[in-house]
Amino acid sequence: MPKNLAAIALVSFLFFISKVQAQSNELDSIKALLQSHQQQDTARVKLLIDAADASITTDINAGLPLIQEALELSRAISFERGKGQALNALCTSYLLKGKLDSALNASSKAEKVLLAISDRQNLTVTYGNMARIYSIKGDHDKALAIQLKNIDLIKDNPPSSKKASFYFYAGKFCQALGKIEETKTYFEIALGIAKSCDFDTGVAIAESSLATLYEQLEEYQEAIQMLNKSLAYYESQGQSVNVAASYMSLAKCYAGLEKYEQAIVKNTKAITIYESQKNLKTLRLAFELQSQYLENLDRYKEANFYLKKYRAAQDSLFSTDKVKLIEELHAKYETEKKEAEIAALSQTAIIQNLKLEQKNLAISIAGVLVLLIGGLVFFVTRQKSLKSSQSQMELEQRFLRSQLNPHFISNALLAVQNFMIKNQSEMAVTYLSKFSKLMRETLENSRKEFIPLEDELAMLTNFMDVHKMRLNDTFEYELHVSGDIDPEVDTIPPMFVQPFVENAIEHGISQAEGKGKIDLYFEKEEEYISIVIKDNGGGYAQSNTQGKDHISLSTIIIRERMEIFNKTLKRKIQLILADVKSDDGKTLGAQVELKVPFGYV
């Protein structure tokens, strides 16, 4: 069975075993109960969590305030089970937003709480979330280990769709690790459980998944038997995507048995469905397979016909992707360019209008100043001057932040152009997606004086991922956040760290012996958050010698921002640049230490 059927099977399985969300009328009912029940007790905690779960289906952000209230109330009344459930709900919210580290942090806290009270039922939710997070991260070993904890919790439970799903997930994680025999065992157990509790969808999915294994092991008769069973179910349910994928898999199995006539019949059915769906990517593969089956029967004229259809589909798909990529690239470039220009012009206009208003105000006040005593005149003039200076500095801060956007665009577009020149359209699309996300984060953060450290970490991660792709993974990085920092609560001025990370990438690790390495450390030091950026390059002396004529525009901008920022702060931003040396005096790289004042959300 091809990969696309396995993927479809997993999606279907997830869909059918997942908790059915409340409909809009049920959500309204829960909200009505929540409104009428104002007593601060365990019942309100449960209502808050139910409302959060129901809200997620309509608005991904709507449930977060409800979860936070449930968490705070559970802590206040020492309701540990409610605290664990709220942390599970918080993990789900972060997962839906793609914030995997925050989701993992929430699930780890939930695990500690629920283990302490031996709440096995809610622990299965926690472990399910953790396994999913590690699977998304690509750490299938950890995902499997955690899923086995879940199985240990429910192994003595009666048969149910949920129990079947736990064994099925264990099989999927084993499959990702290439453990064929273990995969087969878990799939067979899931199939047996699904049959015993009349979970028809689970039966079909398990049979499809087992067929995948049999095909890999070239046990084609067993694969055909399983596929025919699951196909009957998919056809009864009108699941045309799974039906088409099943026919294509059957064709491959018959071809493996050298029964090419039967393979052609099954593959023709798959082609008919894919053509009606205009599924060009899968249709291309079906055409190619059909040509091969016909060639094995010496039906060269028909084989050539499908080979031409395959090439036409391939050319059409490539042209469509390439045109779409170019259009998206052009549109995003024009949009970002215009936004940057508008931001720059707007800031300039605001500064000019402010100066004009200040001048007019000074003229109007001049007549009144004659009637005031000298001391009052001095005091008022001084206050106005300070306020004007502060406003001017705030505007200059925003203007300098806005200048960083075109700097990002220029470097990123060169990388996309390089991918396209090398005809690496998929890499270009992936890069463009990350670049687009980076630009959104940059534009959003540049409008704020302080942002949560969590948002700064997310932007830095995306920034370094973009550069890793651009530089073909020639460096790696790690983020180290001290335990006394709460990234969701602690705030710092945005976009101070990025220019130094950029210098480490462009001028630091380029001098490294072997693969480059960048480490970022975030720690609290009294009234500051200390941020240290280390690289394993040649250090500042070598970098300055080899690139003495280069002056980073972003570094110049950031120094200007620091000067302006420090005029308004009691706690000044501090910057220390140094080489990292070994005990024998050898330069191991460069280090930037940036101390910035922090606030709270």
# chains A, B, ... in the order shown; residues from 1 in each chain; ligands from 1

call {"tool": "residues_around", "arguments": {"residues": "Ala251 (chain A)", "least_positions_apart": "3", "cutoff": "10 Å", "atoms": "only C-alpha atoms", "output": "PDB file with all heavy atoms, in the first residue's frame"}}
result
ATOM      1  N   MET A   1       0.845  -1.201   0.000  1.00  0.00           N
ATOM      2  CA  MET A   1       0.000   0.000   0.000  1.00  0.00           C
ATOM      3  C   MET A   1       0.874   1.243   0.000  1.00  0.00           C
ATOM      4  O   MET A   1       1.825   1.316   0.755  1.00  0.00           O
ATOM      5  CB  MET A   1      -0.886   0.012   1.255  1.00  0.00           C
ATOM      6  CG  MET A   1      -1.903   1.142   1.278  1.00  0.00           C
ATOM      7  SD  MET A   1      -3.057   0.982   2.666  1.00  0.00           S
ATOM      8  CE  MET A   1      -1.969   1.290   4.025  1.00  0.00           C
ATOM      9  N   ILE A 224      -3.391  -8.444  -0.140  1.00  0.00           N
ATOM     10  CA  ILE A 224      -4.615  -8.383  -0.956  1.00  0.00           C
ATOM     11  C   ILE A 224      -5.829  -8.737  -0.110  1.00  0.00           C
ATOM     12  O   ILE A 224      -6.884  -8.093  -0.191  1.00  0.00           O
ATOM     13  CB  ILE A 224      -4.501  -9.323  -2.167  1.00  0.00           C
ATOM     14  CG1 ILE A 224      -3.471  -8.765  -3.163  1.00  0.00           C
ATOM     15  CG2 ILE A 224      -5.858  -9.503  -2.853  1.00  0.00           C
ATOM     16  CD1 ILE A 224      -3.117  -9.723  -4.271  1.00  0.00           C
ATOM     17  N   ALA A 245      -7.075   4.879  -3.248  1.00  0.00           N
ATOM     18  CA  ALA A 245      -5.766   4.451  -2.742  1.00  0.00           C
ATOM     19  C   ALA A 245      -5.715   2.934  -2.572  1.00  0.00           C
ATOM     20  O   ALA A 245      -4.682   2.303  -2.827  1.00  0.00           O
ATOM     21  CB  ALA A 245      -5.479   5.148  -1.419  1.00  0.00           C
ATOM     22  N   SER A 246      -6.845   2.341  -2.148  1.00  0.00           N
ATOM     23  CA  SER A 246      -6.889   0.884  -1.977  1.00  0.00           C
ATOM     24  C   SER A 246      -6.746   0.175  -3.319  1.00  0.00           C
ATOM     25  O   SER A 246      -6.035  -0.827  -3.438  1.00  0.00           O
ATOM     26  CB  SER A 246      -8.208   0.483  -1.309  1.00  0.00           C
ATOM     27  OG  SER A 246      -8.302   1.027  -0.018  1.00  0.00           O
ATOM     28  N   TYR A 247      -7.419   0.681  -4.364  1.00  0.00           N
ATOM     29  CA  TYR A 247      -7.296   0.079  -5.696  1.00  0.00           C
ATOM     30  C   TYR A 247      -5.855   0.152  -6.197  1.00  0.00           C
ATOM     31  O   TYR A 247      -5.329  -0.800  -6.784  1.00  0.00           O
ATOM     32  CB  TYR A 247      -8.230   0.782  -6.678  1.00  0.00           C
ATOM     33  CG  TYR A 247      -9.656   0.274  -6.636  1.00  0.00           C
ATOM     34  CD1 TYR A 247     -10.723   1.160  -6.531  1.00  0.00           C
ATOM     35  CD2 TYR A 247      -9.944  -1.090  -6.723  1.00  0.00           C
ATOM     36  CE1 TYR A 247     -12.049   0.703  -6.492  1.00  0.00           C
ATOM     37  CE2 TYR A 247     -11.252  -1.556  -6.690  1.00  0.00           C
ATOM     38  CZ  TYR A 247     -12.294  -0.659  -6.568  1.00  0.00           C
ATOM     39  OH  TYR A 247     -13.581  -1.113  -6.532  1.00  0.00           O
ATOM     40  N   MET A 248      -5.199   1.285  -5.973  1.00  0.00           N
ATOM     41  CA  MET A 248      -3.814   1.424  -6.433  1.00  0.00           C
ATOM     42  C   MET A 248      -2.912   0.432  -5.696  1.00  0.00           C
ATOM     43  O   MET A 248      -2.015  -0.181  -6.289  1.00  0.00           O
ATOM     44  CB  MET A 248      -3.315   2.853  -6.218  1.00  0.00           C
ATOM     45  CG  MET A 248      -1.925   3.086  -6.796  1.00  0.00           C
ATOM     46  SD  MET A 248      -1.279   4.740  -6.496  1.00  0.00           S
ATOM     47  CE  MET A 248      -2.324   5.682  -7.588  1.00  0.00           C
ATOM     48  N   TYR A 254      -0.889  -7.117  -7.035  1.00  0.00           N
ATOM     49  CA  TYR A 254      -1.030  -8.052  -8.160  1.00  0.00           C
ATOM     50  C   TYR A 254       0.195  -7.993  -9.076  1.00  0.00           C
ATOM     51  O   TYR A 254       0.634  -9.019  -9.612  1.00  0.00           O
ATOM     52  CB  TYR A 254      -2.302  -7.732  -8.950  1.00  0.00           C
ATOM     53  CG  TYR A 254      -3.559  -8.244  -8.286  1.00  0.00           C
ATOM     54  CD1 TYR A 254      -4.582  -7.371  -7.922  1.00  0.00           C
ATOM     55  CD2 TYR A 254      -3.729  -9.600  -8.033  1.00  0.00           C
ATOM     56  CE1 TYR A 254      -5.744  -7.841  -7.298  1.00  0.00           C
ATOM     57  CE2 TYR A 254      -4.882 -10.076  -7.414  1.00  0.00           C
ATOM     58  CZ  TYR A 254      -5.884  -9.200  -7.044  1.00  0.00           C
ATOM     59  OH  TYR A 254      -7.016  -9.663  -6.436  1.00  0.00           O
ATOM     60  N   ALA A 255       0.746  -6.814  -9.255  1.00  0.00           N
ATOM     61  CA  ALA A 255       1.961  -6.695 -10.056  1.00  0.00           C
ATOM     62  C   ALA A 255       3.114  -7.437  -9.401  1.00  0.00           C
ATOM     63  O   ALA A 255       3.945  -8.054 -10.071  1.00  0.00           O
ATOM     64  CB  ALA A 255       2.316  -5.229 -10.249  1.00  0.00           C
ATOM     65  N   GLY A 256       3.162  -7.364  -8.038  1.00  0.00           N
ATOM     66  CA  GLY A 256       4.190  -8.104  -7.317  1.00  0.00           C
ATOM     67  C   GLY A 256       4.065  -9.595  -7.523  1.00  0.00           C
ATOM     68  O   GLY A 256       5.060 -10.331  -7.475  1.00  0.00           O
ATOM     69  N   LEU A 257       2.829 -10.063  -7.773  1.00  0.00           N
ATOM     70  CA  LEU A 257       2.588 -11.480  -8.072  1.00  0.00           C
ATOM     71  C   LEU A 257       2.683 -11.773  -9.569  1.00  0.00           C
ATOM     72  O   LEU A 257       2.391 -12.890 -10.005  1.00  0.00           O
ATOM     73  CB  LEU A 257       1.197 -11.887  -7.559  1.00  0.00           C
ATOM     74  CG  LEU A 257       1.006 -11.843  -6.034  1.00  0.00           C
ATOM     75  CD1 LEU A 257      -0.465 -12.035  -5.683  1.00  0.00           C
ATOM     76  CD2 LEU A 257       1.858 -12.899  -5.354  1.00  0.00           C
ATOM     77  N   LYS A 259       0.730 -10.714 -11.814  1.00  0.00           N
ATOM     78  CA  LYS A 259      -0.607 -10.817 -12.395  1.00  0.00           C
ATOM     79  C   LYS A 259      -0.983  -9.442 -12.946  1.00  0.00           C
ATOM     80  O   LYS A 259      -1.773  -8.695 -12.362  1.00  0.00           O
ATOM     81  CB  LYS A 259      -1.618 -11.280 -11.347  1.00  0.00           C
ATOM     82  CG  LYS A 259      -1.336 -12.678 -10.811  1.00  0.00           C
ATOM     83  CD  LYS A 259      -2.380 -13.103  -9.774  1.00  0.00           C
ATOM     84  CE  LYS A 259      -2.106 -14.515  -9.264  1.00  0.00           C
ATOM     85  NZ  LYS A 259      -3.126 -14.948  -8.272  1.00  0.00           N
ATOM     86  N   TYR A 260      -0.377  -9.103 -14.088  1.00  0.00           N
ATOM     87  CA  TYR A 260      -0.454  -7.739 -14.584  1.00  0.00           C
ATOM     88  C   TYR A 260      -1.837  -7.381 -15.130  1.00  0.00           C
ATOM     89  O   TYR A 260      -2.234  -6.204 -15.078  1.00  0.00           O
ATOM     90  CB  TYR A 260       0.618  -7.533 -15.653  1.00  0.00           C
ATOM     91  CG  TYR A 260       2.010  -7.683 -15.101  1.00  0.00           C
ATOM     92  CD1 TYR A 260       2.814  -8.766 -15.456  1.00  0.00           C
ATOM     93  CD2 TYR A 260       2.513  -6.748 -14.195  1.00  0.00           C
ATOM     94  CE1 TYR A 260       4.087  -8.920 -14.929  1.00  0.00           C
ATOM     95  CE2 TYR A 260       3.791  -6.900 -13.666  1.00  0.00           C
ATOM     96  CZ  TYR A 260       4.572  -7.985 -14.034  1.00  0.00           C
ATOM     97  OH  TYR A 260       5.825  -8.127 -13.497  1.00  0.00           O
ATOM     98  N   GLU A 261      -2.582  -8.348 -15.640  1.00  0.00           N
ATOM     99  CA  GLU A 261      -3.931  -8.054 -16.130  1.00  0.00           C
ATOM    100  C   GLU A 261      -4.805  -7.555 -14.984  1.00  0.00           C
ATOM    101  O   GLU A 261      -5.537  -6.566 -15.116  1.00  0.00           O
ATOM    102  CB  GLU A 261      -4.553  -9.311 -16.764  1.00  0.00           C
ATOM    103  CG  GLU A 261      -3.916  -9.744 -18.074  1.00  0.00           C
ATOM    104  CD  GLU A 261      -4.270  -8.810 -19.225  1.00  0.00           C
ATOM    105  OE1 GLU A 261      -5.019  -7.838 -19.019  1.00  0.00           O
ATOM    106  OE2 GLU A 261      -3.767  -9.057 -20.348  1.00  0.00           O
ATOM    107  N   GLN A 262      -4.757  -8.254 -13.850  1.00  0.00           N
ATOM    108  CA  GLN A 262      -5.537  -7.830 -12.695  1.00  0.00           C
ATOM    109  C   GLN A 262      -5.027  -6.506 -12.147  1.00  0.00           C
ATOM    110  O   GLN A 262      -5.801  -5.672 -11.672  1.00  0.00           O
ATOM    111  CB  GLN A 262      -5.486  -8.914 -11.615  1.00  0.00           C
ATOM    112  CG  GLN A 262      -6.253 -10.171 -12.006  1.00  0.00           C
ATOM    113  CD  GLN A 262      -5.999 -11.314 -11.043  1.00  0.00           C
ATOM    114  OE1 GLN A 262      -5.012 -12.029 -11.172  1.00  0.00           O
ATOM    115  NE2 GLN A 262      -6.896 -11.478 -10.088  1.00  0.00           N
ATOM    116  N   ALA A 263      -3.710  -6.302 -12.213  1.00  0.00           N
ATOM    117  CA  ALA A 263      -3.138  -5.030 -11.752  1.00  0.00           C
ATOM    118  C   ALA A 263      -3.673  -3.873 -12.587  1.00  0.00           C
ATOM    119  O   ALA A 263      -4.020  -2.802 -12.050  1.00  0.00           O
ATOM    120  CB  ALA A 263      -1.610  -5.082 -11.829  1.00  0.00           C
ATOM    121  N   ILE A 264      -3.779  -4.080 -13.903  1.00  0.00           N
ATOM    122  CA  ILE A 264      -4.268  -3.035 -14.807  1.00  0.00           C
ATOM    123  C   ILE A 264      -5.728  -2.705 -14.498  1.00  0.00           C
ATOM    124  O   ILE A 264      -6.129  -1.536 -14.468  1.00  0.00           O
ATOM    125  CB  ILE A 264      -4.100  -3.474 -16.275  1.00  0.00           C
ATOM    126  CG1 ILE A 264      -2.609  -3.506 -16.632  1.00  0.00           C
ATOM    127  CG2 ILE A 264      -4.852  -2.542 -17.210  1.00  0.00           C
ATOM    128  CD1 ILE A 264      -2.314  -4.184 -17.951  1.00  0.00           C
ATOM    129  N   VAL A 265      -6.547  -3.748 -14.227  1.00  0.00           N
ATOM    130  CA  VAL A 265      -7.971  -3.528 -13.919  1.00  0.00           C
ATOM    131  C   VAL A 265      -8.113  -2.678 -12.657  1.00  0.00           C
ATOM    132  O   VAL A 265      -8.882  -1.701 -12.626  1.00  0.00           O
ATOM    133  CB  VAL A 265      -8.696  -4.883 -13.746  1.00  0.00           C
ATOM    134  CG1 VAL A 265     -10.115  -4.653 -13.202  1.00  0.00           C
ATOM    135  CG2 VAL A 265      -8.751  -5.629 -15.064  1.00  0.00           C
ATOM    136  N   LYS A 266      -7.381  -3.032 -11.597  1.00  0.00           N
ATOM    137  CA  LYS A 266      -7.478  -2.292 -10.338  1.00  0.00           C
ATOM    138  C   LYS A 266      -6.942  -0.869 -10.489  1.00  0.00           C
ATOM    139  O   LYS A 266      -7.536   0.099  -9.997  1.00  0.00           O
ATOM    140  CB  LYS A 266      -6.694  -3.015  -9.233  1.00  0.00           C
ATOM    141  CG  LYS A 266      -7.176  -4.425  -8.936  1.00  0.00           C
ATOM    142  CD  LYS A 266      -8.620  -4.446  -8.451  1.00  0.00           C
ATOM    143  CE  LYS A 266      -9.062  -5.871  -8.107  1.00  0.00           C
ATOM    144  NZ  LYS A 266     -10.490  -5.930  -7.710  1.00  0.00           N
ATOM    145  N   ASN A 267      -5.826  -0.729 -11.195  1.00  0.00           N
ATOM    146  CA  ASN A 267      -5.225   0.591 -11.349  1.00  0.00           C
ATOM    147  C   ASN A 267      -6.100   1.493 -12.205  1.00  0.00           C
ATOM    148  O   ASN A 267      -6.154   2.713 -11.999  1.00  0.00           O
ATOM    149  CB  ASN A 267      -3.825   0.462 -11.957  1.00  0.00           C
ATOM    150  CG  ASN A 267      -2.968   1.667 -11.670  1.00  0.00           C
ATOM    151  OD1 ASN A 267      -2.875   2.109 -10.539  1.00  0.00           O
ATOM    152  ND2 ASN A 267      -2.349   2.226 -12.699  1.00  0.00           N
ATOM    153  N   THR A 268      -6.815   0.922 -13.173  1.00  0.00           N
ATOM    154  CA  THR A 268      -7.734   1.707 -14.013  1.00  0.00           C
ATOM    155  C   THR A 268      -8.841   2.316 -13.163  1.00  0.00           C
ATOM    156  O   THR A 268      -9.235   3.471 -13.370  1.00  0.00           O
ATOM    157  CB  THR A 268      -8.339   0.823 -15.112  1.00  0.00           C
ATOM    158  OG1 THR A 268      -7.283   0.311 -15.929  1.00  0.00           O
ATOM    159  CG2 THR A 268      -9.304   1.624 -15.977  1.00  0.00           C
ATOM    160  N   LYS A 269      -9.334   1.559 -12.186  1.00  0.00           N
ATOM    161  CA  LYS A 269     -10.365   2.084 -11.284  1.00  0.00           C
ATOM    162  C   LYS A 269      -9.818   3.239 -10.454  1.00  0.00           C
ATOM    163  O   LYS A 269     -10.511   4.241 -10.229  1.00  0.00           O
ATOM    164  CB  LYS A 269     -10.880   0.970 -10.371  1.00  0.00           C
ATOM    165  CG  LYS A 269     -11.674  -0.104 -11.106  1.00  0.00           C
ATOM    166  CD  LYS A 269     -12.212  -1.155 -10.134  1.00  0.00           C
ATOM    167  CE  LYS A 269     -13.053  -2.200 -10.872  1.00  0.00           C
ATOM    168  NZ  LYS A 269     -13.609  -3.221  -9.943  1.00  0.00           N
ATOM    169  N   ALA A 270      -8.574   3.098 -10.004  1.00  0.00           N
ATOM    170  CA  ALA A 270      -7.954   4.178  -9.233  1.00  0.00           C
ATOM    171  C   ALA A 270      -7.798   5.428 -10.098  1.00  0.00           C
ATOM    172  O   ALA A 270      -8.075   6.551  -9.656  1.00  0.00           O
ATOM    173  CB  ALA A 270      -6.593   3.730  -8.702  1.00  0.00           C
ATOM    174  N   ALA A 286      -0.146   7.003 -10.779  1.00  0.00           N
ATOM    175  CA  ALA A 286      -1.011   5.952 -11.338  1.00  0.00           C
ATOM    176  C   ALA A 286      -0.724   5.753 -12.828  1.00  0.00           C
ATOM    177  O   ALA A 286      -0.697   4.614 -13.319  1.00  0.00           O
ATOM    178  CB  ALA A 286      -2.476   6.316 -11.117  1.00  0.00           C
ATOM    179  N   LEU A 289       2.611   3.807 -13.155  1.00  0.00           N
ATOM    180  CA  LEU A 289       2.445   2.393 -12.838  1.00  0.00           C
ATOM    181  C   LEU A 289       1.709   1.653 -13.956  1.00  0.00           C
ATOM    182  O   LEU A 289       2.067   0.531 -14.329  1.00  0.00           O
ATOM    183  CB  LEU A 289       1.675   2.232 -11.522  1.00  0.00           C
ATOM    184  CG  LEU A 289       2.424   2.673 -10.259  1.00  0.00           C
ATOM    185  CD1 LEU A 289       1.494   2.648  -9.057  1.00  0.00           C
ATOM    186  CD2 LEU A 289       3.636   1.805 -10.008  1.00  0.00           C
ATOM    187  N   GLN A 290       0.668   2.310 -14.518  1.00  0.00           N
ATOM    188  CA  GLN A 290      -0.102   1.677 -15.592  1.00  0.00           C
ATOM    189  C   GLN A 290       0.792   1.392 -16.800  1.00  0.00           C
ATOM    190  O   GLN A 290       0.691   0.334 -17.442  1.00  0.00           O
ATOM    191  CB  GLN A 290      -1.272   2.588 -15.998  1.00  0.00           C
ATOM    192  CG  GLN A 290      -2.333   1.916 -16.850  1.00  0.00           C
ATOM    193  CD  GLN A 290      -3.274   1.045 -16.032  1.00  0.00           C
ATOM    194  OE1 GLN A 290      -2.884   0.492 -15.026  1.00  0.00           O
ATOM    195  NE2 GLN A 290      -4.512   0.935 -16.479  1.00  0.00           N
ATOM    196  N   TYR A 293       2.862  -1.710 -16.010  1.00  0.00           N
ATOM    197  CA  TYR A 293       2.098  -2.955 -16.079  1.00  0.00           C
ATOM    198  C   TYR A 293       1.878  -3.377 -17.536  1.00  0.00           C
ATOM    199  O   TYR A 293       2.020  -4.563 -17.885  1.00  0.00           O
ATOM    200  CB  TYR A 293       0.746  -2.791 -15.387  1.00  0.00           C
ATOM    201  CG  TYR A 293       0.829  -2.370 -13.929  1.00  0.00           C
ATOM    202  CD1 TYR A 293      -0.213  -1.664 -13.325  1.00  0.00           C
ATOM    203  CD2 TYR A 293       1.943  -2.683 -13.155  1.00  0.00           C
ATOM    204  CE1 TYR A 293      -0.148  -1.282 -12.001  1.00  0.00           C
ATOM    205  CE2 TYR A 293       2.023  -2.291 -11.821  1.00  0.00           C
ATOM    206  CZ  TYR A 293       0.972  -1.586 -11.247  1.00  0.00           C
ATOM    207  OH  TYR A 293       1.041  -1.204  -9.946  1.00  0.00           O
TER     208      TYR A 293
END

call {"tool": "residues_around", "arguments": {"residues": "Glu182 (chain A)", "least_positions_apart": "6", "cutoff": "9 Å", "atoms": "only C-alpha atoms", "output": "ChimeraX atom specification"}}
result
/A:170-171,174-175

call {"tool": "write_last_selection", "arguments": {"atoms": "N, CA and C atoms", "output": "PDB file, in the first residue's frame"}}
result
ATOM      1  N   ALA A 170       0.961   2.933  19.036  1.00  0.00           N
ATOM      2  CA  ALA A 170       2.235   2.254  19.311  1.00  0.00           C
ATOM      3  C   ALA A 170       2.763   1.617  18.034  1.00  0.00           C
ATOM      4  N   GLY A 171       1.860   1.014  17.249  1.00  0.00           N
ATOM      5  CA  GLY A 171       2.269   0.428  15.973  1.00  0.00           C
ATOM      6  C   GLY A 171       2.807   1.463  15.012  1.00  0.00           C
ATOM      7  N   CYS A 174       6.304   2.420  16.044  1.00  0.00           N
ATOM      8  CA  CYS A 174       7.238   1.344  15.681  1.00  0.00           C
ATOM      9  C   CYS A 174       7.504   1.355  14.180  1.00  0.00           C
ATOM     10  N   GLN A 175       6.469   1.614  13.400  1.00  0.00           N
ATOM     11  CA  GLN A 175       6.619   1.655  11.941  1.00  0.00           C
ATOM     12  C   GLN A 175       7.580   2.767  11.532  1.00  0.00           C
TER      13      GLN A 175
END

call {"tool": "atom_distance", "arguments": {"atom1": "CA of Asp59 (chain A)", "atom2": "CA of His37 (chain A)"}}
result
23.3 Å

call {"tool": "residues_around", "arguments": {"residues": "Asn61 (chain A)", "least_positions_apart": "6", "cutoff": "10 Å", "atoms": "only C-alpha atoms", "output": "list of chain:residue names"}}
result
A:Ala52, A:Ser55, A:Ser93, A:Tyr94, A:Leu96, A:Lys97

call {"tool": "write_last_selection", "arguments": {"atoms": "all heavy atoms", "output": "mmCIF file, in the first residue's frame"}}
result
data_model
loop_
_atom_site.group_PDB
_atom_site.id
_atom_site.type_symbol
_atom_site.label_atom_id
_atom_site.label_comp_id
_atom_site.auth_asym_id
_atom_site.auth_seq_id
_atom_site.Cartn_x
_atom_site.Cartn_y
_atom_site.Cartn_z
ATOM 1 N N ALA A 52 -13.887 25.482 27.323
ATOM 2 C CA ALA A 52 -12.646 25.676 26.553
ATOM 3 C C ALA A 52 -12.536 24.634 25.447
ATOM 4 O O ALA A 52 -12.199 24.957 24.298
ATOM 5 C CB ALA A 52 -11.439 25.596 27.484
ATOM 6 N N SER A 55 -14.953 25.460 22.690
ATOM 7 C CA SER A 55 -14.631 26.700 21.965
ATOM 8 C C SER A 55 -13.562 26.501 20.915
ATOM 9 O O SER A 55 -13.502 27.232 19.925
ATOM 10 C CB SER A 55 -14.162 27.778 22.957
ATOM 11 O OG SER A 55 -15.169 28.081 23.892
ATOM 12 N N SER A 93 -4.235 23.350 23.520
ATOM 13 C CA SER A 93 -4.309 24.684 22.912
ATOM 14 C C SER A 93 -2.988 25.052 22.244
ATOM 15 O O SER A 93 -2.958 25.550 21.114
ATOM 16 C CB SER A 93 -4.673 25.717 23.982
ATOM 17 O OG SER A 93 -4.683 27.018 23.448
ATOM 18 N N TYR A 94 -1.877 24.784 22.931
ATOM 19 C CA TYR A 94 -0.560 25.088 22.364
ATOM 20 C C TYR A 94 -0.278 24.207 21.140
ATOM 21 O O TYR A 94 0.335 24.655 20.162
ATOM 22 C CB TYR A 94 0.532 24.881 23.409
ATOM 23 C CG TYR A 94 0.648 25.998 24.427
ATOM 24 C CD1 TYR A 94 0.767 25.722 25.786
ATOM 25 C CD2 TYR A 94 0.634 27.329 24.020
ATOM 26 C CE1 TYR A 94 0.878 26.743 26.719
ATOM 27 C CE2 TYR A 94 0.747 28.347 24.949
ATOM 28 C CZ TYR A 94 0.870 28.057 26.295
ATOM 29 O OH TYR A 94 0.981 29.059 27.205
ATOM 30 N N LEU A 96 -2.424 23.023 18.979
ATOM 31 C CA LEU A 96 -3.177 23.527 17.832
ATOM 32 C C LEU A 96 -2.511 24.764 17.232
ATOM 33 O O LEU A 96 -2.658 25.039 16.046
ATOM 34 C CB LEU A 96 -4.613 23.852 18.252
ATOM 35 C CG LEU A 96 -5.492 22.641 18.602
ATOM 36 C CD1 LEU A 96 -6.817 23.084 19.175
ATOM 37 C CD2 LEU A 96 -5.716 21.771 17.372
ATOM 38 N N LYS A 97 -1.791 25.515 18.064
ATOM 39 C CA LYS A 97 -1.094 26.709 17.582
ATOM 40 C C LYS A 97 0.307 26.392 17.068
ATOM 41 O O LYS A 97 1.005 27.275 16.575
ATOM 42 C CB LYS A 97 -0.994 27.745 18.712
ATOM 43 C CG LYS A 97 -2.338 28.295 19.169
ATOM 44 C CD LYS A 97 -2.143 29.265 20.320
ATOM 45 C CE LYS A 97 -3.479 29.788 20.827
ATOM 46 N NZ LYS A 97 -3.320 30.697 21.981
#

call {"tool": "closest_residue", "arguments": {"among": "A:Cys253, A:Ile451, A:His480, A:Phe168", "to": "Glu218 (chain A)", "atoms": "only C-alpha atoms"}}
result
A:Cys253

call {"tool": "residues_around", "arguments": {"residues": "region 230-242 of chain A", "least_positions_apart": "5", "cutoff": "9 Å", "atoms": "only C-alpha atoms", "output": "number ranges by chain"}}
result
A: 5, 8-9, 200-201, 203-208, 247, 273-274, 277

call {"tool": "closest_residue", "arguments": {"among": "A:Asn122, A:Tyr127, A:Ile365, A:Val481", "to": "Asp101 (chain A)", "atoms": "only C-alpha atoms"}}
result
A:Val481

call {"tool": "atom_distance", "arguments": {"atom1": "CA of Tyr186 (chain A)", "atom2": "CA of Phe166 (chain A)"}}
result
9.1 Å

call {"tool": "atom_distance", "arguments": {"atom1": "CA of Ala106 (chain A)", "atom2": "CA of Ile518 (chain A)"}}
result
27.0 Å

call {"tool": "decode", "arguments": {"residues": "region 485-499 of chain A", "atoms": "C-alpha atoms", "output": "PDB file, in the first residue's frame"}}
result
ATOM      1  CA  ILE A 485      12.378  32.684  33.524  1.00  0.00           C
ATOM      2  CA  ASP A 486       8.708  32.385  32.559  1.00  0.00           C
ATOM      3  CA  PRO A 487       8.699  32.984  28.762  1.00  0.00           C
ATOM      4  CA  GLU A 488       4.946  33.588  28.715  1.00  0.00           C
ATOM      5  CA  VAL A 489       5.094  36.301  31.414  1.00  0.00           C
ATOM      6  CA  ASP A 490       8.525  37.949  31.233  1.00  0.00           C
ATOM      7  CA  THR A 491       8.845  40.607  28.509  1.00  0.00           C
ATOM      8  CA  ILE A 492      11.823  42.254  26.805  1.00  0.00           C
ATOM      9  CA  PRO A 493      12.296  44.909  24.100  1.00  0.00           C
ATOM     10  CA  PRO A 494      11.937  43.175  20.704  1.00  0.00           C
ATOM     11  CA  MET A 495      14.535  42.619  17.982  1.00  0.00           C
ATOM     12  CA  PHE A 496      17.657  43.385  20.037  1.00  0.00           C
ATOM     13  CA  VAL A 497      19.005  39.834  19.882  1.00  0.00           C
ATOM     14  CA  GLN A 498      18.456  39.045  16.171  1.00  0.00           C
ATOM     15  CA  PRO A 499      21.190  41.323  14.698  1.00  0.00           C
TER      16      PRO A 499
END
